[in-house]
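J.: Handing over entry-v8.pdb, PDB, C-alpha atoms and all ligand atoms.
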ATOM      1  CA  MET A   6     -44.649   4.896  -1.717
ATOM      2  CA  LEU A   7     -43.478   1.509  -0.407
ATOM      3  CA  HIS A   8     -45.254   0.293   2.685
ATOM      4  CA  HIS A   9     -42.480  -1.612   4.421
ATOM      5  CA  ILE A  10     -43.380  -2.856   7.912
ATOM      6  CA  ILE A  11     -40.138  -3.151   9.843
ATOM      7  CA  SER A  12     -40.527  -1.901  13.422
ATOM      8  CA  MET A  13     -43.241  -0.485  15.675
ATOM      9  CA  LYS A  14     -40.921   2.485  16.161
ATOM     10  CA  ASP A  15     -41.944   3.577  12.650
ATOM     11  CA  PHE A  16     -45.665   3.788  13.527
ATOM     12  CA  SER A  17     -47.622   6.691  14.974
ATOM     13  CA  ARG A  18     -50.600   6.129  17.226
ATOM     14  CA  ASP A  19     -52.910   7.416  14.466
ATOM     15  CA  GLU A  20     -51.538   4.909  11.965
ATOM     16  CA  ILE A  21     -52.036   2.055  14.425
ATOM     17  CA  ASP A  22     -55.584   3.169  15.193
ATOM     18  CA  ILE A  23     -56.430   3.143  11.473
ATOM     19  CA  ILE A  24     -55.091  -0.420  11.091
ATOM     20  CA  LEU A  25     -57.021  -1.662  14.134
ATOM     21  CA  LYS A  26     -60.217  -0.077  12.859
ATOM     22  CA  ARG A  27     -59.837  -1.521   9.373
ATOM     23  CA  ALA A  28     -59.043  -4.996  10.745
ATOM     24  CA  LYS A  29     -62.526  -5.215  12.256
ATOM     25  CA  GLY A  30     -64.000  -5.048   8.751
ATOM     26  CA  PHE A  31     -61.905  -8.049   7.694
ATOM     27  CA  GLU A  32     -63.184 -10.355  10.449
ATOM     28  CA  PRO A  33     -66.073 -11.792   8.347
ATOM     29  CA  ILE A  34     -63.629 -12.580   5.514
ATOM     30  CA  ALA A  35     -61.220 -14.160   8.005
ATOM     31  CA  LYS A  36     -64.124 -16.413   8.997
ATOM     32  CA  GLY A  37     -64.815 -17.484   5.408
ATOM     33  CA  LYS A  38     -66.866 -14.771   3.617
ATOM     34  CA  LYS A  39     -65.701 -14.593  -0.003
ATOM     35  CA  SER A  40     -63.446 -11.790  -1.192
ATOM     36  CA  ASP A  41     -61.344 -11.136  -4.282
ATOM     37  CA  MET A  42     -59.680  -7.986  -3.011
ATOM     38  CA  LEU A  43     -56.167  -9.317  -3.691
ATOM     39  CA  SER A  44     -56.957 -11.476  -6.692
ATOM     40  CA  GLY A  45     -54.010 -11.520  -9.099
ATOM     41  CA  LYS A  46     -51.569 -10.557  -6.330
ATOM     42  CA  ILE A  47     -48.755 -12.765  -5.056
ATOM     43  CA  LEU A  48     -47.204 -12.810  -1.604
ATOM     44  CA  ALA A  49     -43.782 -14.407  -1.042
ATOM     45  CA  THR A  50     -42.964 -15.936   2.337
ATOM     46  CA  LEU A  51     -39.306 -16.320   3.343
ATOM     47  CA  PHE A  52     -38.812 -17.956   6.710
ATOM     48  CA  TYR A  53     -35.242 -18.553   7.849
ATOM     49  CA  GLU A  54     -36.573 -19.599  11.276
ATOM     50  CA  PRO A  55     -39.422 -21.903  12.348
ATOM     51  CA  SER A  56     -42.979 -20.567  12.314
ATOM     52  CA  THR A  57     -46.519 -21.902  12.545
ATOM     53  CA  ARG A  58     -48.924 -19.038  13.231
ATOM     54  CA  THR A  59     -47.131 -16.192  11.504
ATOM     55  CA  ARG A  60     -46.554 -18.027   8.260
ATOM     56  CA  MET A  61     -49.923 -19.762   8.157
ATOM     57  CA  SER A  62     -51.979 -16.728   9.154
ATOM     58  CA  PHE A  63     -50.284 -14.645   6.444
ATOM     59  CA  GLU A  64     -51.045 -17.423   3.989
ATOM     60  CA  THR A  65     -54.642 -17.695   5.163
ATOM     61  CA  ALA A  66     -55.064 -13.916   4.971
ATOM     62  CA  MET A  67     -53.711 -13.794   1.420
ATOM     63  CA  LYS A  68     -55.741 -16.761   0.167
ATOM     64  CA  ARG A  69     -59.028 -15.670   1.736
ATOM     65  CA  LEU A  70     -58.564 -12.317  -0.016
ATOM     66  CA  GLY A  71     -58.292 -14.161  -3.330
ATOM     67  CA  GLY A  72     -54.499 -13.830  -3.661
ATOM     68  CA  ASP A  73     -51.741 -16.383  -4.034
ATOM     69  CA  VAL A  74     -48.656 -17.319  -2.014
ATOM     70  CA  ILE A  75     -45.215 -18.508  -3.075
ATOM     71  CA  ASP A  76     -42.873 -19.845  -0.431
ATOM     72  CA  LEU A  77     -39.099 -20.108  -0.341
ATOM     73  CA  GLY A  78     -39.495 -23.483   1.351
ATOM     74  CA  SER A  79     -36.802 -24.862   3.586
ATOM     75  CA  ILE A  80     -33.533 -22.976   3.625
ATOM     76  CA  GLU A  81     -31.654 -26.224   2.859
ATOM     77  CA  SER A  82     -33.574 -26.688  -0.397
ATOM     78  CA  SER A  83     -33.178 -23.071  -1.604
ATOM     79  CA  SER A  84     -30.181 -21.248  -3.081
ATOM     80  CA  VAL A  85     -29.508 -19.820   0.377
ATOM     81  CA  ALA A  86     -27.796 -23.181   0.971
ATOM     82  CA  LYS A  87     -25.451 -22.387  -1.976
ATOM     83  CA  GLY A  88     -24.408 -19.155  -0.309
ATOM     84  CA  GLU A  89     -26.771 -16.629  -1.926
ATOM     85  CA  THR A  90     -26.925 -13.399   0.058
ATOM     86  CA  LEU A  91     -30.170 -12.105   1.545
ATOM     87  CA  ALA A  92     -29.875  -8.987  -0.616
ATOM     88  CA  ASP A  93     -29.750 -11.063  -3.823
ATOM     89  CA  THR A  94     -32.590 -13.338  -2.723
ATOM     90  CA  ILE A  95     -34.735 -10.268  -2.012
ATOM     91  CA  ARG A  96     -33.880  -8.619  -5.357
ATOM     92  CA  VAL A  97     -34.882 -11.767  -7.227
ATOM     93  CA  ILE A  98     -38.104 -12.481  -5.339
ATOM     94  CA  GLY A  99     -39.179  -8.855  -5.789
ATOM     95  CA  ASN A 100     -39.550  -9.736  -9.485
ATOM     96  CA  TYR A 101     -42.001 -12.534  -8.677
ATOM     97  CA  ALA A 102     -44.132 -11.223  -5.812
ATOM     98  CA  ASP A 103     -46.033  -8.061  -4.829
ATOM     99  CA  ALA A 104     -44.835  -8.200  -1.206
ATOM    100  CA  ILE A 105     -42.392 -10.258   0.856
ATOM    101  CA  VAL A 106     -42.882 -11.553   4.406
ATOM    102  CA  LEU A 107     -39.472 -12.185   5.938
ATOM    103  CA  ARG A 108     -38.464 -13.940   9.146
ATOM    104  CA  HIS A 109     -34.732 -14.028   9.752
ATOM    105  CA  THR A 110     -32.278 -15.091  12.435
ATOM    106  CA  ARG A 111     -30.435 -11.762  12.417
ATOM    107  CA  GLU A 112     -31.573  -8.536  14.073
ATOM    108  CA  GLY A 113     -31.757  -5.803  11.441
ATOM    109  CA  ALA A 114     -32.239  -8.252   8.536
ATOM    110  CA  ALA A 115     -35.665  -6.866   7.584
ATOM    111  CA  ARG A 116     -34.398  -3.279   7.535
ATOM    112  CA  MET A 117     -31.495  -4.338   5.332
ATOM    113  CA  ALA A 118     -33.810  -6.334   3.048
ATOM    114  CA  ALA A 119     -36.031  -3.262   2.618
ATOM    115  CA  GLU A 120     -33.047  -1.333   1.251
ATOM    116  CA  HIS A 121     -32.730  -3.872  -1.568
ATOM    117  CA  SER A 122     -36.395  -4.469  -2.278
ATOM    118  CA  ARG A 123     -38.658  -3.031  -4.947
ATOM    119  CA  VAL A 124     -41.727  -4.473  -3.171
ATOM    120  CA  PRO A 125     -42.893  -4.007   0.442
ATOM    121  CA  ILE A 126     -41.006  -6.028   3.068
ATOM    122  CA  ILE A 127     -43.012  -7.184   6.069
ATOM    123  CA  ASN A 128     -40.850  -8.096   9.053
ATOM    124  CA  ALA A 129     -42.148 -11.342  10.567
ATOM    125  CA  GLY A 130     -39.392 -11.371  13.201
ATOM    126  CA  ASP A 131     -35.704 -10.458  12.946
ATOM    127  CA  GLY A 132     -33.709 -12.408  15.525
ATOM    128  CA  ALA A 133     -34.230 -10.919  18.969
ATOM    129  CA  GLY A 134     -35.194  -7.597  17.358
ATOM    130  CA  HIS A 135     -38.780  -6.814  16.427
ATOM    131  CA  HIS A 136     -42.038  -8.494  15.421
ATOM    132  CA  PRO A 137     -44.394  -5.645  14.465
ATOM    133  CA  THR A 138     -47.224  -7.668  12.914
ATOM    134  CA  GLN A 139     -47.478  -9.719  16.108
ATOM    135  CA  THR A 140     -47.768  -6.474  18.068
ATOM    136  CA  LEU A 141     -50.557  -5.199  15.832
ATOM    137  CA  LEU A 142     -52.530  -8.387  16.422
ATOM    138  CA  ASP A 143     -51.751  -8.157  20.141
ATOM    139  CA  LEU A 144     -53.132  -4.604  20.244
ATOM    140  CA  TYR A 145     -56.158  -5.740  18.257
ATOM    141  CA  THR A 146     -56.746  -8.556  20.763
ATOM    142  CA  ILE A 147     -56.579  -6.092  23.659
ATOM    143  CA  MET A 148     -58.985  -3.755  21.843
ATOM    144  CA  ARG A 149     -61.468  -6.593  21.152
ATOM    145  CA  GLU A 150     -61.207  -8.492  24.435
ATOM    146  CA  SER A 151     -60.311  -5.756  26.953
ATOM    147  CA  SER A 152     -59.515  -2.075  26.389
ATOM    148  CA  LEU A 153     -56.554  -0.051  25.194
ATOM    149  CA  SER A 154     -57.483   2.921  27.352
ATOM    150  CA  ASN A 155     -56.197   3.123  30.921
ATOM    151  CA  LEU A 156     -54.576  -0.241  30.354
ATOM    152  CA  LYS A 157     -52.597  -1.911  33.123
ATOM    153  CA  ILE A 158     -50.506  -4.732  31.726
ATOM    154  CA  ALA A 159     -47.857  -7.124  33.042
ATOM    155  CA  ILE A 160     -45.418  -8.326  30.376
ATOM    156  CA  VAL A 161     -43.835 -11.507  31.653
ATOM    157  CA  GLY A 162     -41.013 -13.854  30.690
ATOM    158  CA  ASP A 163     -38.019 -13.457  28.415
ATOM    159  CA  LEU A 164     -37.910  -9.718  27.902
ATOM    160  CA  LYS A 165     -34.275  -9.763  26.794
ATOM    161  CA  TYR A 166     -34.522 -12.001  23.731
ATOM    162  CA  GLY A 167     -38.291 -11.870  23.101
ATOM    163  CA  ARG A 168     -38.934  -9.806  19.972
ATOM    164  CA  THR A 169     -42.703  -9.767  20.469
ATOM    165  CA  VAL A 170     -42.349  -7.934  23.778
ATOM    166  CA  HIS A 171     -39.854  -5.422  22.377
ATOM    167  CA  SER A 172     -42.334  -4.369  19.715
ATOM    168  CA  LEU A 173     -45.271  -4.486  22.131
ATOM    169  CA  ALA A 174     -43.622  -2.202  24.685
ATOM    170  CA  TYR A 175     -42.932   0.474  22.048
ATOM    171  CA  ALA A 176     -46.522   0.381  20.848
ATOM    172  CA  LEU A 177     -48.053   0.417  24.325
ATOM    173  CA  SER A 178     -46.068   3.506  25.236
ATOM    174  CA  LEU A 179     -48.097   5.310  22.526
ATOM    175  CA  TYR A 180     -51.276   4.271  24.372
ATOM    176  CA  ARG A 181     -49.956   5.513  27.716
ATOM    177  CA  ALA A 182     -50.330   2.007  29.171
ATOM    178  CA  ASP A 183     -49.107   1.272  32.669
ATOM    179  CA  MET A 184     -46.527  -1.496  32.081
ATOM    180  CA  THR A 185     -44.976  -3.814  34.639
ATOM    181  CA  LEU A 186     -42.081  -5.780  33.204
ATOM    182  CA  VAL A 187     -41.737  -9.136  34.973
ATOM    183  CA  SER A 188     -38.639 -11.214  34.248
ATOM    184  CA  PRO A 189     -35.701 -12.997  35.844
ATOM    185  CA  LYS A 190     -32.837 -10.537  36.445
ATOM    186  CA  GLN A 191     -30.832 -12.061  33.554
ATOM    187  CA  LEU A 192     -33.688 -11.583  31.096
ATOM    188  CA  GLN A 193     -34.694  -7.975  31.685
ATOM    189  CA  MET A 194     -35.809  -5.690  28.856
ATOM    190  CA  PRO A 195     -32.664  -4.300  27.118
ATOM    191  CA  ASP A 196     -31.526  -0.902  28.438
ATOM    192  CA  VAL A 197     -31.770   0.777  25.026
ATOM    193  CA  ILE A 198     -35.473  -0.069  24.855
ATOM    194  CA  LYS A 199     -36.111   1.025  28.444
ATOM    195  CA  LYS A 200     -34.398   4.333  27.693
ATOM    196  CA  ASP A 201     -36.535   4.843  24.578
ATOM    197  CA  LEU A 202     -39.687   4.099  26.567
ATOM    198  CA  LYS A 203     -38.706   6.548  29.317
ATOM    199  CA  LYS A 204     -37.950   9.197  26.699
ATOM    200  CA  GLN A 205     -41.496   8.772  25.419
ATOM    201  CA  GLY A 206     -42.773   9.276  28.955
ATOM    202  CA  ALA A 207     -44.003   5.686  29.322
ATOM    203  CA  SER A 208     -44.981   4.370  32.731
ATOM    204  CA  VAL A 209     -42.746   1.319  33.210
ATOM    205  CA  SER A 210     -41.717  -0.575  36.319
ATOM    206  CA  GLU A 211     -39.725  -3.795  36.740
ATOM    207  CA  THR A 212     -40.021  -6.765  39.065
ATOM    208  CA  VAL A 213     -39.085 -10.437  39.181
ATOM    209  CA  ASN A 214     -42.272 -11.472  40.905
ATOM    210  CA  ILE A 215     -45.576 -12.134  39.138
ATOM    211  CA  GLU A 216     -47.546 -12.657  42.397
ATOM    212  CA  GLY A 217     -47.034  -9.018  43.388
ATOM    213  CA  VAL A 218     -48.866  -7.648  40.323
ATOM    214  CA  ILE A 219     -51.483 -10.259  39.455
ATOM    215  CA  ASP A 220     -54.308  -8.567  41.394
ATOM    216  CA  ASP A 221     -53.828  -5.149  39.775
ATOM    217  CA  ILE A 222     -53.711  -5.703  36.000
ATOM    218  CA  ASP A 223     -56.112  -5.963  33.049
ATOM    219  CA  VAL A 224     -53.819  -7.997  30.812
ATOM    220  CA  LEU A 225     -51.234 -10.653  31.633
ATOM    221  CA  TYR A 226     -48.989 -11.070  28.572
ATOM    222  CA  ILE A 227     -46.690 -14.026  29.093
ATOM    223  CA  THR A 228     -43.944 -15.266  26.766
ATOM    224  CA  ARG A 229     -41.708 -18.274  26.236
ATOM    225  CA  ILE A 230     -38.088 -18.217  27.365
ATOM    226  CA  GLN A 231     -36.313 -18.011  23.975
ATOM    227  CA  LYS A 232     -34.112 -21.078  24.383
ATOM    228  CA  GLU A 233     -32.611 -20.839  20.879
ATOM    229  CA  ARG A 234     -31.111 -17.378  21.592
ATOM    230  CA  PHE A 235     -29.026 -18.382  24.616
ATOM    231  CA  PRO A 236     -25.312 -18.512  23.793
ATOM    232  CA  ASP A 237     -24.834 -21.020  26.641
ATOM    233  CA  PRO A 238     -27.379 -23.840  27.278
ATOM    234  CA  SER A 239     -26.524 -23.919  30.999
ATOM    235  CA  GLU A 240     -27.669 -20.281  31.254
ATOM    236  CA  TYR A 241     -31.026 -21.362  29.804
ATOM    237  CA  GLN A 242     -31.336 -24.123  32.397
ATOM    238  CA  LYS A 243     -31.038 -21.528  35.176
ATOM    239  CA  VAL A 244     -34.136 -19.628  34.008
ATOM    240  CA  ALA A 245     -36.231 -22.352  32.333
ATOM    241  CA  GLY A 246     -39.632 -22.639  33.965
ATOM    242  CA  SER A 247     -39.302 -19.286  35.805
ATOM    243  CA  TYR A 248     -42.999 -18.456  35.412
ATOM    244  CA  ARG A 249     -46.138 -20.519  35.149
ATOM    245  CA  VAL A 250     -49.708 -19.260  34.978
ATOM    246  CA  THR A 251     -51.988 -21.606  36.909
ATOM    247  CA  GLU A 252     -55.596 -21.540  38.120
ATOM    248  CA  GLU A 253     -54.186 -21.043  41.603
ATOM    249  CA  LEU A 254     -52.349 -17.854  40.551
ATOM    250  CA  LEU A 255     -55.451 -16.573  38.734
ATOM    251  CA  LYS A 256     -57.554 -16.816  41.915
ATOM    252  CA  LYS A 257     -55.950 -13.499  42.860
ATOM    253  CA  ALA A 258     -56.707 -11.863  39.498
ATOM    254  CA  ARG A 259     -59.439  -9.385  38.606
ATOM    255  CA  ASN A 260     -62.530 -11.016  37.104
ATOM    256  CA  ASN A 261     -61.968  -9.307  33.770
ATOM    257  CA  LEU A 262     -58.251 -10.093  33.469
ATOM    258  CA  ILE A 263     -57.241 -11.598  30.128
ATOM    259  CA  VAL A 264     -54.214 -13.860  29.640
ATOM    260  CA  MET A 265     -52.371 -13.477  26.337
ATOM    261  CA  HIS A 266     -49.401 -15.330  24.833
ATOM    262  CA  PRO A 267     -47.926 -14.977  21.325
ATOM    263  CA  LEU A 268     -47.458 -18.792  21.329
ATOM    264  CA  PRO A 269     -45.896 -21.288  21.083
ATOM    265  CA  ARG A 270     -46.092 -22.004  24.803
ATOM    266  CA  VAL A 271     -43.744 -24.456  26.433
ATOM    267  CA  ASP A 272     -44.748 -24.649  30.098
ATOM    268  CA  GLU A 273     -45.657 -21.003  30.903
ATOM    269  CA  ILE A 274     -49.402 -21.638  30.975
ATOM    270  CA  ASP A 275     -50.930 -24.677  32.618
ATOM    271  CA  PRO A 276     -53.330 -26.240  30.053
ATOM    272  CA  ALA A 277     -55.985 -26.182  32.812
ATOM    273  CA  VAL A 278     -56.118 -22.389  32.279
ATOM    274  CA  ASP A 279     -57.301 -22.881  28.661
ATOM    275  CA  GLY A 280     -60.874 -23.509  29.747
ATOM    276  CA  THR A 281     -61.089 -20.549  32.138
ATOM    277  CA  ARG A 282     -62.696 -17.131  31.501
ATOM    278  CA  TYR A 283     -59.204 -15.587  31.409
ATOM    279  CA  ALA A 284     -57.654 -17.387  28.436
ATOM    280  CA  ARG A 285     -57.482 -15.413  25.168
ATOM    281  CA  TYR A 286     -54.341 -16.804  23.478
ATOM    282  CA  PHE A 287     -56.194 -18.889  20.896
ATOM    283  CA  GLU A 288     -58.496 -15.968  20.000
ATOM    284  CA  GLN A 289     -55.314 -13.893  19.767
ATOM    285  CA  ALA A 290     -53.919 -16.347  17.180
ATOM    286  CA  PHE A 291     -57.155 -16.023  15.152
ATOM    287  CA  TYR A 292     -56.989 -12.214  15.215
ATOM    288  CA  GLY A 293     -53.701 -12.531  13.330
ATOM    289  CA  VAL A 294     -55.746 -13.219  10.204
ATOM    290  CA  PRO A 295     -57.881 -10.019   9.984
ATOM    291  CA  VAL A 296     -54.925  -7.900  11.110
ATOM    292  CA  ARG A 297     -52.603  -9.416   8.509
ATOM    293  CA  MET A 298     -55.342  -9.041   5.867
ATOM    294  CA  THR A 299     -55.344  -5.329   6.634
ATOM    295  CA  LEU A 300     -51.550  -5.099   6.376
ATOM    296  CA  LEU A 301     -51.449  -7.030   3.090
ATOM    297  CA  ALA A 302     -54.236  -4.941   1.580
ATOM    298  CA  MET A 303     -52.423  -1.758   2.610
ATOM    299  CA  ALA A 304     -49.028  -2.997   1.381
ATOM    300  CA  MET A 305     -50.526  -4.002  -1.959
ATOM    301  CA  GLU A 306     -52.441  -0.742  -2.179
ATOM    302  CA  ALA A 307     -55.853  -2.367  -2.319
ATOM    303  CA  LEU A 308     -57.163  -0.233   0.565
TER     304      LEU A 308
HETATM  305  C1  LIG A 401     -43.107 -15.583  18.511
HETATM  306  C2  LIG A 401     -41.852 -15.309  17.703
HETATM  307  O1  LIG A 401     -41.586 -15.994  16.719
HETATM  308  O2  LIG A 401     -41.180 -14.363  18.067
HETATM  309  N1  LIG A 401     -44.006 -16.433  17.878
HETATM  310  C3  LIG A 401     -44.952 -15.902  17.049
HETATM  311  O3  LIG A 401     -44.666 -15.318  16.033
HETATM  312  N2  LIG A 401     -46.225 -16.023  17.448
HETATM  313  C4  LIG A 401     -42.864 -15.950  19.923
HETATM  314  C5  LIG A 401     -41.939 -17.083  20.259
HETATM  315  O4  LIG A 401     -41.379 -17.761  19.394
HETATM  316  O5  LIG A 401     -41.796 -17.329  21.456
END
Kindly present the structure from the file in structure tokens form.
T.:
Amino acid sequence: MLHHIISMKDFSRDEIDIILKRAKGFEPIAKGKKSDMLSGKILATLFYEPSTRTRMSFETAMKRLGGDVIDLGSIESSSVAKGETLADTIRVIGNYADAIVLRHTREGAARMAAEHSRVPIINAGDGAGHHPTQTLLDLYTIMRESSLSNLKIAIVGDLKYGRTVHSLAYALSLYRADMTLVSPKQLQMPDVIKKDLKKQGASVSETVNIEGVIDDIDVLYITRIQKERFPDPSEYQKVAGSYRVTEELLKKARNNLIVMHPLPRVDEIDPAVDGTRYARYFEQAFYGVPVRMTLLAMAMEAL
């Protein structure tokens, strides 16, 4: 069976729990303990959009498990620039690698790629669609630094175009989390997702105001306004800088609140917050390694 990872909608709570549990065992290897679990295996990375953490944590995960990585490189220097279709690129790379990590500009690209692939496709972000591996590391961060049971979370920022928050909301509905969606009116969570969440019986409310919820949550998950997805730059200007987490705002927070962010941040979190007890976004970026080790080992049938 092929272990494609396309959307959180494809995961059951039991499957997620197994991944989170296994990831804990990979933490020592993520920190440098030797392993040859994936020796002889090759991962291909295809990024049609910029990436730092996702690409490099997949690479780190693969290499620390003794495997190798091949990379498409820049789109301009590959045959994509000559007009090769995604389907053809995927068919060809499936003959070189044991799994393919794909980030693409178009929503649905990963699902389409999976239809043409003889090796597992791992969706590392498809346009404004989904980003399931980010969600799994987000859940892992919550499990390690807070708790997934009786969770009260505010999800803040660009909920319209942000793929990380789309995937996260689906997954949190499986954990019966109490979610407050905080965004400017123009950037609310898409209706189709809200309907899906309601159908699953999720507890979801919406507001534009972060101050009203800050004293009653365990996790503050803030995201960047996705500038590159706005059809009209003047529309971006209207919402740029809508939210900013500061020490002042956090004075009203619970002592055990944690602040998360998938990164990169632009101006949503004042750097002065980095040194406070609340900040967890850099730990979150580290947790991407053990979680992605787990996913690679499962995809390559080493677990
Ligand atoms: C996110 C993405 O690419 O969707 N980054 C990431 O993978 N950590 C978030 C973003 O770009 O804002």
J.: Nearest residue to Ala129 in chain A out of A:Thr185, A:Gln205, A:Thr169, A:Ser210, using only C-alpha atoms?
T.: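 When distances to Ala129 in chain A are compared using only C-alpha atoms, the smallest one comes from A:Thr169.
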J.: Dump the neighbourhood of ligand LIG 401 (chain A) as JSON, numbers by chain: all residues within 9 Å, distances computed on only C-alpha atoms and all ligand atoms.
T.: {"A": [54, 55, 56, 57, 58, 59, 60, 108, 129, 130, 131, 132, 133, 135, 136, 138, 139, 163, 167, 168, 169, 170, 228, 229, 230, 231, 266, 267, 268, 269, 270, 271, 290]}
J.: Run the PyMOL selection byres (((chain A and resi 95) around 9) and not hetatm) on the file and write out the hits as a PyMOL selection string.
T.: chain A and resi 90-94+96-100+105+118-119+121-123
J.: Based on the selection just made, write C-alpha atoms of those residues as an mmCIF file, in the frame of the given file.
T.:
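Result went into part_20.cif, see below:
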data_model
loop_
_atom_site.group_PDB
_atom_site.id
_atom_site.type_symbol
_atom_site.label_atom_id
_atom_site.label_comp_id
_atom_site.auth_asym_id
_atom_site.auth_seq_id
_atom_site.Cartn_x
_atom_site.Cartn_y
_atom_site.Cartn_z
ATOM 1 C CA THR A 90 -26.925 -13.399 0.058
ATOM 2 C CA LEU A 91 -30.170 -12.105 1.545
ATOM 3 C CA ALA A 92 -29.875 -8.987 -0.616
ATOM 4 C CA ASP A 93 -29.750 -11.063 -3.823
ATOM 5 C CA THR A 94 -32.590 -13.338 -2.723
ATOM 6 C CA ARG A 96 -33.880 -8.619 -5.357
ATOM 7 C CA VAL A 97 -34.882 -11.767 -7.227
ATOM 8 C CA ILE A 98 -38.104 -12.481 -5.339
ATOM 9 C CA GLY A 99 -39.179 -8.855 -5.789
ATOM 10 C CA ASN A 100 -39.550 -9.736 -9.485
ATOM 11 C CA ILE A 105 -42.392 -10.258 0.856
ATOM 12 C CA ALA A 118 -33.810 -6.334 3.048
ATOM 13 C CA ALA A 119 -36.031 -3.262 2.618
ATOM 14 C CA HIS A 121 -32.730 -3.872 -1.568
ATOM 15 C CA SER A 122 -36.395 -4.469 -2.278
ATOM 16 C CA ARG A 123 -38.658 -3.031 -4.947
#
J.: Please, what distance in Å, to one decimal, runs between CA of Glu252 in chain A and CA of Ile227 in chain A?
T.: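 So the answer is 14.7 Å.
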J.: Spell out the residues picked by the PyMOL selection byres (((chain A and resi 263) around 10) and not hetatm) here, as an MDAnalysis selection string.
T.: chainID A and resid 146:147 150:151 158 222:226 258:262 264:265 281:286
J.: By how many Å are CA of Tyr292 in chain A and CA of Tyr101 in chain A apart?
T.: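 CA of Tyr101 in chain A lies 28.2 Å from CA of Tyr292 in chain A.
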J.: Fewer than 2 positions away in the same chain doesn't count, so skip those; otherwise give me all residues within 7 Å of Met194 in chain A, counting all atoms listed in the file, as a CSV table (one decimal) with C-alpha atoms, keeping the file's coordinate frame.
T.:
chain,number,residue,atom,x,y,z
A,164,LEU,CA,-37.9,-9.7,27.9
A,165,LYS,CA,-34.3,-9.8,26.8
A,192,LEU,CA,-33.7,-11.6,31.1
A,196,ASP,CA,-31.5,-0.9,28.4
A,198,ILE,CA,-35.5,-0.1,24.9
A,199,LYS,CA,-36.1,1.0,28.4
J.: For a test of reading the model, state the distance in Å between CA of Thr110 in chain A and CA of Gly134 in chain A, rounded to one decimal.
T.: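 Atom-to-atom, CA of Thr110 in chain A to CA of Gly134 in chain A, that is 9.4 Å.
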J.: Pull out every residue that the PyMOL selection byres (((chain A and resi 17) around 12) and not hetatm) matches in the shown coordinates and put them as a VMD selection string.
T.: chain A and resid 12 to 16 18 to 24 175 to 180
J.: Restricting the calculation to all atoms listed in the file, which member of A:Tyr145, A:Phe63, A:Tyr53, A:Tyr166 is positioned closest to Lys232 in chain A?
T.: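 Looking at the shortest contact to Lys232 in chain A, the residue is A:Tyr166.
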J.: Taking only C-alpha atoms into account, which of A:Ala28, A:Ala302, A:Ala86, A:Ala115 comes nearest Arg149 in chain A?
T.: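 Smallest separation from Arg149 in chain A among the options: A:Ala28.
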J.: What's around Ile75 in chain A at 10 Å? Count only C-alpha atoms, leave out sequence neighbours fewer than 6 positions away in its own chain, and write the answer as an mmCIF file with C-alpha atoms, keeping the file's coordinate frame.
T.:
data_model
loop_
_atom_site.group_PDB
_atom_site.id
_atom_site.type_symbol
_atom_site.label_atom_id
_atom_site.label_comp_id
_atom_site.auth_asym_id
_atom_site.auth_seq_id
_atom_site.Cartn_x
_atom_site.Cartn_y
_atom_site.Cartn_z
ATOM 1 C CA ILE A 47 -48.755 -12.765 -5.056
ATOM 2 C CA LEU A 48 -47.204 -12.810 -1.604
ATOM 3 C CA ALA A 49 -43.782 -14.407 -1.042
ATOM 4 C CA THR A 50 -42.964 -15.936 2.337
ATOM 5 C CA LEU A 51 -39.306 -16.320 3.343
ATOM 6 C CA GLU A 64 -51.045 -17.423 3.989
ATOM 7 C CA ILE A 98 -38.104 -12.481 -5.339
ATOM 8 C CA TYR A 101 -42.001 -12.534 -8.677
ATOM 9 C CA ALA A 102 -44.132 -11.223 -5.812
ATOM 10 C CA ILE A 105 -42.392 -10.258 0.856
#
J.: Using all atoms listed in the file, which of the listed residues (A:Val74, A:Val250, A:Val296, A:Leu107) sits closest to Pro276 in chain A?
T.: A:Val250
J.: Show me as a PyMOL selection string the residues that reach within 7 Å of (-37.6, -13.0, 32.6), counting all atoms listed in the file and using the file's own coordinates.
T.: chain A and resi 161-164+187-193
J.: Around all the atoms of range 221-230 of chain A listed in the file, with 4 Å of room on each side, what axis-aligned box do you get, giving centre and edge lengths in Å to one decimal, as JSON?
T.:
{"center_x": -47.1, "center_y": -11.7, "center_z": 33.0, "size_x": 26.0, "size_y": 21.1, "size_z": 21.5}
J.: Tell me which protein, DNA and RNA residues are within 7 Å of Ile11 in chain A, counting only C-alpha atoms, leaving out same-chain ones fewer than 5 positions away, and put them as JSON, numbers by chain.
T.: {"A": [115, 116, 127, 128, 137]}
J.: Once you count only C-alpha atoms, which residues end up no further than 9 Å from (-38.4, 1.9, 31.1) in the file's frame, shown as a list in words?
T.: Met184, Leu186, Met194, Asp196, Ile198, Lys199, Lys200, Asp201, Leu202, Lys203, Lys204, Gly206, Ala207, Ser208, Val209, Ser210 and Glu211 of chain A
